[in-house]
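Okay, so here's the structure we're looking at.
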2 protein chains.
Amino acid sequence: MTGGFWTDDVTRLLRVGPGFDLRDVDPDAKPGTEARKREGIEELVRSAQQLRGLQEKLFAQSRLGARDRLLVVLQAMDAAGKGGIVNHVFSQVEPYGLALSAFKAPTEEERAHDFLWRIEPRVPAPGMIGVFDRSHYEDVLIQRVRGFAPPEEIERRYGAIVDFERRLVDDGVRVVKIMLHISPEEQAERLLARLDDPEKHWKYNAGDVDEREFWPEYMDAFGIAIERTATERAPWYVVPANAKWYARAAVQRIVISELQRIDPRWPEADFDVAAERARIERTAGMRWPA
Amino acid sequence: MTGGFWTDDVTRLLRVGPGFDLRDVDPDAKPGTEARKREGIEELVRSAQQLRGLQEKLFAQSRLGARDRLLVVLQAMDAAGKGGIVNHVFSQVEPYGLALSAFKAPTEEERAHDFLWRIEPRVPAPGMIGVFDRSHYEDVLIQRVRGFAPPEEIERRYGAIVDFERRLVDDGVRVVKIMLHISPEEQAERLLARLDDPEKHWKYNAGDVDEREFWPEYMDAFGIAIERTATERAPWYVVPANAKWYARAAVQRIVISELQRIDPRWPEADFDVAAERARIERTAGMRWPA
């Protein structure tokens with residue numbers, strides 16, 4: 001907890017546990033803090049160094065063989081703020097340590113394969129923080145809502161996802177799934193704001209309004225997906241996201257907390273420091289041009 | 001030029017032109033500014049918004065079909081500051097708009113192919129800023145110095161690089177090559193600093209000292225590569241880099257200047273704004289749970 005912004009363990013409050021019901025999550029709520037927008041923005045800046053320090057150690061230890069890495073899956077309705085999370089939280093880590101994958105509607109080639117075929121190559125390498133902007137969960141969300149796959153195939157996928165994520169965890173990937181939860185009223189406001197500003201027109205996708213009309217079906221699909229795939233080792237977090245500043249501070253804190261569980265350390269030198277120093281000093285007088 | 005930090009057009013001063021000789025570039029020089037470290041760091045922060053604004057427009061216009069993108073190739077001796085450029089300059093753009101590729105020693109599979117085989121898939125997509133930390137130039141630098149390829153093959157590669165880069169330019173890629181130029185004394189100090197700090201041991205690579213001993217041969221190889229591949233449409237810049245703050249501010253200014261040449265614009269909406277507004281407003285009263 002930092003500087004009094006968080007009054008409780010926000011990661012515990014937002015982590016999905018037994019008896020979870022999406023209907024109980026208020027998108028306007030701000031669990032774990034009594035602060036306001038200004039403090040939220042300050043918190044995001046203040047904790048950047050902590051996040052970056054952990055990420056640098058995660059990356060450093062991988063250079064000497066550690067296999068740990070973090071995969072953060074972001075799922076949400078359109079305009080819920082996934083992009084803002086990437087631009088305001090994950091932009092705080094070194095570009096070398098970040099592997100961002102934005103999954104769009106599958107291509108013809110991707111559709112010809114199992115739904116995890118396009119996911120596997122994007123699993124982060126040791127030392128990396130992988131971020132999925134959309135993911136294999138689309139295959140049990142839009143695909144379920146729109147009937148793009150038959151019910152028995154959707155059913156099969158929940159188990160396949162649990163197996164897949166367990167395999168990643170067994171290989172050293174800390175897997176964290178985050179739903180940004182907004183209300184339909186908030187989405188309408190954000191979509192209208194994109195229409196009001198010509199500089200935001202490129203972000204507007206008419207298809208988003210088509211999906212919006214299936215809101216209750218999407219919420220059902222989210223609820224089922226979360227229930228079927230939230231495990232002790234690959235948890236789901238549902239983050240109230242009507243207030244962008246809250247969602248960003250909360251996701252930053254979740255990421256920091258998950259990195260702390262990995263507990264990365266500066267690796268020990270695997271060379272003789274004194275001998276290396278002597279080698280460099282032998283050529284310390286080199287000049288160029290001579 | 002911004003706020004008086006730059007007193008001359010640094011991009012013109014650092015761009016390689018006819019009669020270029022690497023021996024004429026002083027790694028301690030700071031062409032284009034009379035400012036000092038504190039102002040350099042301030043300049044880097046001050047111009048971040050300008051860089052980000054251009055990058056956002058570049059990305060935005062690609063969503064509606066523009067093919068422009070930027071490829072920045074970074075080459076340098078070890079410890080010259082490529083990593084710092086990525087972490088302090090390119091970290092300023094949105095993660096969605098940055099495609100960073102760090103090329104290591106080629107794998108067995110890569111060595112079995114033409115030297116450009118592993119490069120082609122990393123060419124940035126429309127709208128992106130691609131950054132190569134090392135690149136196809138390694139194939140005419142270390143490979144020449146260490147004799148990993150025969151002279152006639154090295155010779156062939158200069159022409160192949162010019163052809164390859166011309167093809168990228170023809171396809172809408174602005175190609176910019178940057179050498180960070182440090183002195184051997186500065187390198188020795190930086191390598192020793194890595195040995196002095198246990199938190200930097202993971203960055204230390206004993207092989208760097210092996211390469212260091214070939215400094216004159218590397219400078220010859222850089223000089224030849226630059227001379228053979230600097231073209232009007234795919235220019236080289238040589239950036240004095242003994243002062244990290246100068247190199248970072250200069251590279252930031254080069255990138256801004258190259259983006260300004262592309263001159264990206266917010267794209268026009270390809271949908272009926274009023275009709276879309278009406279569609280959203282029709283569902284504005286939606287509540288969930290109902």
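We name chains A, B, ... following the order of the structure tokens; residues begin at 1 in each chain, and ligands are numbered from 1 as shown.
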
Report task. Residues of chain B no more than 7 Å from chain A, counting only C-alpha atoms: send them over as a VMD selection string. Result -> chain B and resid 23 60 63 86 to 87 91 94 to 95 183 to 185 188 192 195 199 201 to 202 209 216 266 to 267 269 273 277 280 284 286 to 289

Query raised in the report: Quick one: residues within 8 Å of A:Leu74, only C-alpha atoms counted, chain neighbours fewer than 6 positions away excluded, as a list in words?
Result: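 Returned residues: Lys82, Val131, Phe132, Asp133, Arg134, Ser135, Lys177, Ile178, Met179 and Leu180 of chain A.
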
Take the residues just selected and output them with N, CA, C and O atoms as an mmCIF file, in the first residue's frame.
data_model
loop_
_atom_site.group_PDB
_atom_site.id
_atom_site.type_symbol
_atom_site.label_atom_id
_atom_site.label_comp_id
_atom_site.auth_asym_id
_atom_site.auth_seq_id
_atom_site.Cartn_x
_atom_site.Cartn_y
_atom_site.Cartn_z
ATOM 1 N N LYS A 82 -9.388 -0.342 -22.254
ATOM 2 C CA LYS A 82 -8.205 -1.198 -22.400
ATOM 3 C C LYS A 82 -7.024 -0.393 -22.933
ATOM 4 O O LYS A 82 -5.903 -0.500 -22.434
ATOM 5 N N VAL A 131 1.058 -8.525 -22.510
ATOM 6 C CA VAL A 131 -0.291 -7.971 -22.348
ATOM 7 C C VAL A 131 -1.112 -8.385 -23.558
ATOM 8 O O VAL A 131 -0.691 -8.162 -24.697
ATOM 9 N N PHE A 132 -2.233 -9.011 -23.293
ATOM 10 C CA PHE A 132 -3.175 -9.347 -24.370
ATOM 11 C C PHE A 132 -4.332 -8.344 -24.327
ATOM 12 O O PHE A 132 -5.082 -8.302 -23.357
ATOM 13 N N ASP A 133 -4.455 -7.560 -25.391
ATOM 14 C CA ASP A 133 -5.613 -6.681 -25.557
ATOM 15 C C ASP A 133 -6.621 -7.503 -26.375
ATOM 16 O O ASP A 133 -6.459 -7.658 -27.578
ATOM 17 N N ARG A 134 -7.614 -8.046 -25.687
ATOM 18 C CA ARG A 134 -8.429 -9.146 -26.169
ATOM 19 C C ARG A 134 -7.547 -10.401 -26.241
ATOM 20 O O ARG A 134 -6.323 -10.305 -26.147
ATOM 21 N N SER A 135 -8.183 -11.554 -26.415
ATOM 22 C CA SER A 135 -7.440 -12.792 -26.210
ATOM 23 C C SER A 135 -8.275 -13.982 -26.639
ATOM 24 O O SER A 135 -9.282 -13.821 -27.345
ATOM 25 N N LYS A 177 -6.017 -12.474 -15.376
ATOM 26 C CA LYS A 177 -7.056 -12.034 -16.297
ATOM 27 C C LYS A 177 -7.839 -10.894 -15.674
ATOM 28 O O LYS A 177 -8.260 -10.992 -14.524
ATOM 29 N N ILE A 178 -8.008 -9.813 -16.430
ATOM 30 C CA ILE A 178 -8.662 -8.618 -15.902
ATOM 31 C C ILE A 178 -9.820 -8.225 -16.811
ATOM 32 O O ILE A 178 -9.653 -8.046 -18.009
ATOM 33 N N MET A 179 -11.001 -8.094 -16.193
ATOM 34 C CA MET A 179 -12.137 -7.513 -16.908
ATOM 35 C C MET A 179 -12.326 -6.077 -16.428
ATOM 36 O O MET A 179 -12.451 -5.830 -15.229
ATOM 37 N N LEU A 180 -12.330 -5.151 -17.378
ATOM 38 C CA LEU A 180 -12.696 -3.771 -17.059
ATOM 39 C C LEU A 180 -14.208 -3.677 -17.200
ATOM 40 O O LEU A 180 -14.752 -3.946 -18.274
#

**Report entry** Selection near B:Arg146, 12 Å with only C-alpha atoms, sequence-local residues under 3 positions removed, as a ChimeraX atom specification
**Finding:** /B:138-143,149-151,154,210-211,213-215,217-218,221

Since we have the selection now, will you write its residues out, keeping all heavy atoms, as a short mmCIF file (atom, residue, chain, number, x, y, z; two decimals), in the first residue's frame?
data_model
loop_
_atom_site.label_atom_id
_atom_site.label_comp_id
_atom_site.auth_asym_id
_atom_site.auth_seq_id
_atom_site.Cartn_x
_atom_site.Cartn_y
_atom_site.Cartn_z
N GLU B 138 24.57 -5.47 -38.79
CA GLU B 138 25.52 -6.38 -38.13
C GLU B 138 26.21 -7.27 -39.15
O GLU B 138 27.36 -7.68 -38.96
CB GLU B 138 24.79 -7.27 -37.11
CG GLU B 138 24.24 -6.52 -35.91
CD GLU B 138 25.33 -5.93 -35.04
OE1 GLU B 138 26.30 -6.63 -34.74
OE2 GLU B 138 25.20 -4.74 -34.68
N ASP B 139 25.50 -7.55 -40.25
CA ASP B 139 26.02 -8.47 -41.26
C ASP B 139 27.12 -7.86 -42.12
O ASP B 139 27.74 -8.57 -42.92
CB ASP B 139 24.85 -8.98 -42.13
CG ASP B 139 23.86 -9.76 -41.28
OD1 ASP B 139 24.10 -10.95 -41.03
OD2 ASP B 139 22.88 -9.15 -40.81
N VAL B 140 27.33 -6.54 -41.96
CA VAL B 140 28.49 -5.91 -42.61
C VAL B 140 29.38 -5.23 -41.57
O VAL B 140 30.29 -4.49 -41.93
CB VAL B 140 28.07 -4.89 -43.70
CG1 VAL B 140 27.41 -5.61 -44.88
CG2 VAL B 140 27.15 -3.82 -43.13
N LEU B 141 29.10 -5.47 -40.28
CA LEU B 141 29.94 -4.90 -39.22
C LEU B 141 30.70 -6.03 -38.55
O LEU B 141 31.80 -6.37 -38.97
CB LEU B 141 29.08 -4.10 -38.23
CG LEU B 141 28.46 -2.82 -38.83
CD1 LEU B 141 27.42 -2.21 -37.90
CD2 LEU B 141 29.55 -1.78 -39.12
N ILE B 142 30.11 -6.68 -37.56
CA ILE B 142 30.83 -7.78 -36.89
C ILE B 142 31.24 -8.86 -37.90
O ILE B 142 32.33 -9.41 -37.82
CB ILE B 142 30.02 -8.38 -35.72
CG1 ILE B 142 30.87 -9.40 -34.95
CG2 ILE B 142 28.71 -9.00 -36.19
CD1 ILE B 142 30.23 -9.90 -33.65
N GLN B 143 30.38 -9.09 -38.89
CA GLN B 143 30.68 -10.17 -39.83
C GLN B 143 31.90 -9.83 -40.70
O GLN B 143 32.66 -10.70 -41.09
CB GLN B 143 29.45 -10.46 -40.71
CG GLN B 143 28.26 -10.94 -39.88
CD GLN B 143 27.76 -12.30 -40.30
OE1 GLN B 143 28.02 -12.77 -41.39
NE2 GLN B 143 27.04 -12.96 -39.40
N ALA B 149 32.01 -13.88 -42.73
CA ALA B 149 31.59 -14.09 -44.12
C ALA B 149 32.75 -13.65 -45.01
O ALA B 149 33.50 -12.74 -44.64
CB ALA B 149 30.33 -13.28 -44.43
N PRO B 150 32.91 -14.28 -46.17
CA PRO B 150 34.03 -13.93 -47.05
C PRO B 150 33.84 -12.53 -47.65
O PRO B 150 32.71 -12.04 -47.76
CB PRO B 150 33.99 -15.01 -48.14
CG PRO B 150 32.64 -15.60 -48.07
CD PRO B 150 32.12 -15.41 -46.69
N PRO B 151 34.94 -11.89 -48.04
CA PRO B 151 34.88 -10.50 -48.52
C PRO B 151 33.89 -10.29 -49.66
O PRO B 151 33.18 -9.26 -49.69
CB PRO B 151 36.32 -10.23 -49.00
CG PRO B 151 37.17 -11.17 -48.21
CD PRO B 151 36.32 -12.39 -47.97
N ILE B 154 30.43 -10.04 -48.17
CA ILE B 154 30.25 -8.73 -47.51
C ILE B 154 29.99 -7.67 -48.58
O ILE B 154 29.07 -6.85 -48.46
CB ILE B 154 31.51 -8.36 -46.69
CG1 ILE B 154 31.76 -9.39 -45.57
CG2 ILE B 154 31.38 -6.95 -46.13
CD1 ILE B 154 30.74 -9.41 -44.47
N ASP B 210 35.88 -8.48 -25.89
CA ASP B 210 36.52 -9.08 -27.07
C ASP B 210 36.35 -8.16 -28.28
O ASP B 210 37.32 -7.89 -29.01
CB ASP B 210 35.90 -10.44 -27.41
CG ASP B 210 36.02 -11.43 -26.26
OD1 ASP B 210 36.97 -11.30 -25.46
OD2 ASP B 210 35.16 -12.34 -26.16
N GLU B 211 35.13 -7.67 -28.49
CA GLU B 211 34.87 -6.82 -29.66
C GLU B 211 35.60 -5.49 -29.53
O GLU B 211 36.09 -4.93 -30.51
CB GLU B 211 33.37 -6.59 -29.84
CG GLU B 211 32.53 -7.85 -30.02
CD GLU B 211 33.11 -8.83 -31.03
OE1 GLU B 211 33.55 -8.39 -32.11
OE2 GLU B 211 33.15 -10.04 -30.73
N GLU B 213 38.41 -4.84 -28.53
CA GLU B 213 39.81 -4.88 -28.96
C GLU B 213 39.95 -4.70 -30.48
O GLU B 213 41.05 -4.45 -30.97
CB GLU B 213 40.46 -6.17 -28.44
CG GLU B 213 40.51 -6.12 -26.91
CD GLU B 213 41.10 -7.33 -26.22
OE1 GLU B 213 41.56 -8.25 -26.92
OE2 GLU B 213 41.09 -7.35 -24.97
N PHE B 214 38.83 -4.77 -31.16
CA PHE B 214 38.85 -4.54 -32.62
C PHE B 214 38.31 -3.14 -32.97
O PHE B 214 37.76 -2.94 -34.04
CB PHE B 214 37.99 -5.59 -33.33
CG PHE B 214 38.56 -6.99 -33.25
CD1 PHE B 214 38.21 -7.84 -32.21
CD2 PHE B 214 39.45 -7.44 -34.23
CE1 PHE B 214 38.74 -9.13 -32.14
CE2 PHE B 214 39.98 -8.72 -34.16
CZ PHE B 214 39.62 -9.56 -33.11
N TRP B 215 38.43 -2.20 -32.05
CA TRP B 215 37.83 -0.87 -32.24
C TRP B 215 38.17 -0.25 -33.60
O TRP B 215 37.25 0.17 -34.34
CB TRP B 215 38.23 0.07 -31.10
CG TRP B 215 37.33 1.25 -30.98
CD1 TRP B 215 37.38 2.41 -31.72
CD2 TRP B 215 36.23 1.39 -30.08
NE1 TRP B 215 36.39 3.26 -31.34
CE2 TRP B 215 35.66 2.67 -30.32
CE3 TRP B 215 35.67 0.59 -29.08
CZ2 TRP B 215 34.56 3.14 -29.60
CZ3 TRP B 215 34.59 1.06 -28.37
CH2 TRP B 215 34.03 2.32 -28.63
N GLU B 217 39.08 -1.59 -36.39
CA GLU B 217 38.45 -2.36 -37.46
C GLU B 217 36.94 -2.08 -37.50
O GLU B 217 36.34 -1.98 -38.58
CB GLU B 217 38.69 -3.86 -37.26
CG GLU B 217 40.15 -4.30 -37.46
CD GLU B 217 41.04 -4.09 -36.24
OE1 GLU B 217 40.56 -3.53 -35.22
OE2 GLU B 217 42.22 -4.47 -36.29
N TYR B 218 36.32 -1.95 -36.32
CA TYR B 218 34.89 -1.62 -36.30
C TYR B 218 34.64 -0.23 -36.88
O TYR B 218 33.68 -0.02 -37.63
CB TYR B 218 34.32 -1.72 -34.88
CG TYR B 218 33.80 -3.09 -34.56
CD1 TYR B 218 34.51 -3.98 -33.76
CD2 TYR B 218 32.57 -3.52 -35.09
CE1 TYR B 218 34.04 -5.25 -33.49
CE2 TYR B 218 32.09 -4.79 -34.82
CZ TYR B 218 32.83 -5.64 -34.02
OH TYR B 218 32.35 -6.90 -33.78
N ALA B 221 34.74 -0.48 -40.52
CA ALA B 221 33.55 -1.15 -41.04
C ALA B 221 32.33 -0.23 -40.99
O ALA B 221 31.51 -0.19 -41.91
CB ALA B 221 33.28 -2.44 -40.25
#

Query - helix (DSSP H, G or I) call set, DSSP backbone run, stretch 8-250 of chain A, as a PyMOL selection string - result: chain A and resi 10-14+22-24+37-46+48-63+82-88+90-92+95-97+108-111+120-122+136-140+142-145+151-170+184-196+198-203+206-212+215-229+244-250

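Of the residues under consideration (B:Asp220, B:Gly159, B:Gly4, B:Ile129), B:Asp220 shows the shortest atom-to-atom contact distance to B:Val145 when counting only C-alpha atoms.
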
Every residue of stretch 173-290 of chain A that DSSP places in strand (DSSP E), as a short mmCIF file (atom, residue, chain, number, x, y, z; two decimals) with C-alpha atoms, in the first residue's frame:
data_model
loop_
_atom_site.label_atom_id
_atom_site.label_comp_id
_atom_site.auth_asym_id
_atom_site.auth_seq_id
_atom_site.Cartn_x
_atom_site.Cartn_y
_atom_site.Cartn_z
CA VAL A 173 4.01 -17.78 -16.52
CA ARG A 174 2.00 -15.91 -13.93
CA VAL A 175 -1.39 -15.63 -15.66
CA VAL A 176 -3.74 -12.81 -14.64
CA LYS A 177 -7.06 -12.03 -16.30
CA ILE A 178 -8.66 -8.62 -15.90
CA MET A 179 -12.14 -7.51 -16.91
CA LEU A 180 -12.70 -3.77 -17.06
CA HIS A 181 -16.32 -3.37 -16.08
CA TRP A 236 -9.65 -13.20 -12.69
CA TYR A 237 -9.98 -9.65 -11.45
CA VAL A 238 -13.06 -7.55 -12.22
CA VAL A 239 -12.18 -3.85 -12.08
CA PRO A 240 -14.93 -1.21 -11.89
#

Query - Counting only C-alpha atoms, the option among B:Asp197, B:Asp78, B:Asp68, B:Glu153 closest to B:Asp170 - result: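 Smallest separation from B:Asp170 among the options: B:Asp68.
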